[in-house]
Amino acid sequence: MTNISVEISSLVGEKECCEIEYTQGVPVTIVVRSARFGELSFTDNNLFDALSAYRSVLEQSNYLILCNGARKDAYPSQMALQMGGGRKIYLLHSGKSAKREDLVDIFGSASIEQVCSVAEQRAAYEAWVQSLV
């Protein structure tokens, strides 16, 4: 398992660190430990989907994870999910196709202003797809 530290934040700015351990390969399992939420485990086909499951749990308590994987302007390609296990995610720009240089680490740090809910991220991705037409 690989370990990484990422911050989580309440919507009013109360931050704390969480430790994430994850496996590589299929299926992917992430185990997340934090003072507020204890230890939680999620298994899915890739890191992005496992992280999204964790984000959904956080959202129920009005918390967000502060990493690229939760950014409103970020979403993985199908190829990144299949070949890279979802570890890399594209930063998206309206009206422009994603390029290799737009790839960032899913666990890279992001600010509270950059992140959003799982549903908002999906809606932003769909709006980006429409901007390419």
# chains A, B, ... in the order shown; residues from 1 in each chain; ligands from 1
>>> residues_around(residues="A:Thr43", least_positions_apart="6", cutoff="12 Å", atoms="only C-alpha atoms", output="compact mmCIF listing (two decimals) with N, CA and C atoms, in the first residue's frame")
# COMPACT_ATOMS: atom_id res chain seq x y z
N GLU A 21 -4.18 5.50 2.53
CA GLU A 21 -3.40 4.36 2.03
C GLU A 21 -4.17 3.80 0.86
N TYR A 22 -3.48 3.43 -0.20
CA TYR A 22 -4.19 2.87 -1.34
C TYR A 22 -3.37 1.78 -2.01
N THR A 23 -4.11 0.87 -2.61
CA THR A 23 -3.49 -0.20 -3.39
C THR A 23 -3.49 0.21 -4.85
N GLN A 24 -2.67 -0.44 -5.64
CA GLN A 24 -2.67 -0.21 -7.07
C GLN A 24 -3.12 -1.49 -7.75
N GLY A 25 -3.66 -1.36 -8.94
CA GLY A 25 -4.21 -2.52 -9.63
C GLY A 25 -5.72 -2.49 -9.53
N VAL A 26 -6.36 -3.52 -10.02
CA VAL A 26 -7.82 -3.58 -10.01
C VAL A 26 -8.24 -4.79 -9.20
N PRO A 27 -9.11 -4.64 -8.22
CA PRO A 27 -9.71 -3.37 -7.79
C PRO A 27 -8.74 -2.56 -6.94
N VAL A 28 -9.07 -1.28 -6.78
CA VAL A 28 -8.31 -0.36 -5.95
C VAL A 28 -9.04 -0.24 -4.61
N THR A 29 -8.27 -0.24 -3.54
CA THR A 29 -8.84 0.01 -2.22
C THR A 29 -8.12 1.21 -1.61
N ILE A 30 -8.90 2.15 -1.09
CA ILE A 30 -8.31 3.23 -0.31
C ILE A 30 -8.82 3.10 1.12
N VAL A 31 -7.91 3.31 2.05
CA VAL A 31 -8.24 3.34 3.47
C VAL A 31 -7.89 4.74 3.95
N VAL A 32 -8.86 5.44 4.51
CA VAL A 32 -8.68 6.82 4.92
C VAL A 32 -8.86 6.92 6.43
N ASP A 49 -12.79 6.76 -8.68
CA ASP A 49 -14.10 6.31 -8.19
C ASP A 49 -14.08 6.00 -6.70
N ALA A 50 -12.98 5.42 -6.21
CA ALA A 50 -12.87 5.15 -4.77
C ALA A 50 -12.81 6.47 -4.00
N LEU A 51 -12.06 7.43 -4.51
CA LEU A 51 -11.99 8.76 -3.87
C LEU A 51 -13.35 9.43 -3.91
N SER A 52 -14.08 9.29 -5.00
CA SER A 52 -15.42 9.89 -5.11
C SER A 52 -16.37 9.29 -4.06
N ALA A 53 -16.24 8.01 -3.79
CA ALA A 53 -17.06 7.38 -2.75
C ALA A 53 -16.75 7.99 -1.39
N TYR A 54 -15.47 8.21 -1.11
CA TYR A 54 -15.07 8.85 0.15
C TYR A 54 -15.61 10.28 0.20
>>> closest_residue(among="A:Arg87, A:Arg36, A:Lys96, A:Arg122", to="A:Ser10", atoms="only C-alpha atoms")
A:Arg36
>>> atom_distance(atom1="atom CA of A:Asp44", atom2="atom CA of A:Gln82")
12.3 Å
>>> closest_residue(among="A:Met1, A:Ile89, A:Leu66, A:Ala123", to="A:Ser109", atoms="only C-alpha atoms")
A:Leu66
>>> residues_around(residues="A:Ser77", least_positions_apart="4", cutoff="9 Å", atoms="only C-alpha atoms", output="list in words")
Leu81, Gln82, Gly86, Lys88, Ile89, Tyr90 and Ala98 of chain A
>>> write_last_selection(atoms="N, CA and C atoms", output="CSV table (one decimal), in the first residue's frame")
chain,number,residue,atom,x,y,z
A,81,LEU,N,-8.1,6.4,-16.4
A,81,LEU,CA,-8.7,5.4,-15.5
A,81,LEU,C,-8.3,4.0,-15.7
A,82,GLN,N,-8.2,3.6,-17.0
A,82,GLN,CA,-7.9,2.2,-17.4
A,82,GLN,C,-6.4,2.0,-17.3
A,86,GLY,N,-6.4,5.8,-12.5
A,86,GLY,CA,-7.1,7.0,-11.9
A,86,GLY,C,-6.2,7.8,-11.1
A,88,LYS,N,-3.9,9.9,-12.2
A,88,LYS,CA,-3.8,11.2,-12.8
A,88,LYS,C,-5.1,11.7,-13.3
A,89,ILE,N,-5.3,13.1,-13.2
A,89,ILE,CA,-6.5,13.7,-13.6
A,89,ILE,C,-6.2,14.9,-14.5
A,90,TYR,N,-7.1,15.2,-15.4
A,90,TYR,CA,-6.9,16.4,-16.3
A,90,TYR,C,-7.5,17.6,-15.7
A,98,ALA,N,-8.4,18.5,-23.6
A,98,ALA,CA,-7.4,18.2,-22.5
A,98,ALA,C,-6.1,17.8,-23.2
>>> select_by_dssp(residues="stretch 43-110 of chain A", states="strand (DSSP E or B)", output="list in words")
Thr43, Asp44, Tyr63, Leu64, Ile65, Cys67, Arg71, Ala74, Tyr75, Lys88, Ile89, Tyr90, Leu91, His93, Lys96, Leu103, Val104, Asp105 and Ser109 of chain A
>>> write_last_selection(atoms="C-alpha atoms", output="short mmCIF file (atom, residue, chain, number, x, y, z; two decimals), in the first residue's frame")
data_model
loop_
_atom_site.label_atom_id
_atom_site.label_comp_id
_atom_site.auth_asym_id
_atom_site.auth_seq_id
_atom_site.Cartn_x
_atom_site.Cartn_y
_atom_site.Cartn_z
CA THR A 43 -12.96 -0.34 -3.03
CA ASP A 44 -13.67 0.40 -6.69
CA TYR A 63 -16.78 18.37 4.44
CA LEU A 64 -14.67 18.39 1.28
CA ILE A 65 -11.27 16.89 0.52
CA CYS A 67 -7.04 17.67 -3.54
CA ARG A 71 -11.53 20.12 -8.16
CA ALA A 74 -10.74 18.42 -13.08
CA TYR A 75 -11.84 15.04 -14.41
CA LYS A 88 -3.76 11.24 -12.83
CA ILE A 89 -6.55 13.68 -13.61
CA TYR A 90 -6.91 16.38 -16.26
CA LEU A 91 -7.38 20.05 -15.43
CA HIS A 93 -10.35 24.44 -19.76
CA LYS A 96 -10.21 23.35 -25.19
CA LEU A 103 -2.44 16.00 -16.21
CA VAL A 104 -1.93 16.38 -12.45
CA ASP A 105 -1.75 14.00 -9.51
CA SER A 109 -3.20 19.82 -2.97
#
>>> atom_distance(atom1="atom CA of A:Ser117", atom2="atom CA of A:Ala70")
7.2 Å
>>> closest_residue(among="A:Arg33, A:Phe48, A:Ser94, A:Leu11", to="A:Gly69", atoms="only C-alpha atoms")
A:Phe48
>>> atom_distance(atom1="atom CA of A:Val133", atom2="atom CA of A:Val118")
23.7 Å
>>> residues_around(residues="A:Ser9", least_positions_apart="5", cutoff="12 Å", atoms="only C-alpha atoms", output="list in words")
Glu14, Lys15, Glu16, Cys17, Cys18, Ser34, Arg36, Phe37, Arg55, Leu58, Glu59, Ser61, Asn62, Tyr63, Leu64, Ile65, Leu66, Cys67, Ala110, Ser111, Ile112, Glu113, Val115 and Cys116 of chain A
>>> closest_residue(among="A:Val129, A:Ile106, A:Met79, A:Ala119", to="A:Leu92", atoms="only C-alpha atoms")
A:Val129
>>> closest_residue(among="A:Gly38, A:Gly84, A:Gly95, A:Gly108", to="A:Glu19", atoms="only C-alpha atoms")
A:Gly38
>>> closest_residue(among="A:Asn68, A:Ser5, A:Ser41, A:Gln60", to="A:Asp102", atoms="only C-alpha atoms")
A:Asn68
>>> select_by_dssp(residues="stretch 7-77 of chain A", states="helix (DSSP H, G or I)", output="PyMOL selection string")
chain A and resi 47-60+68-70
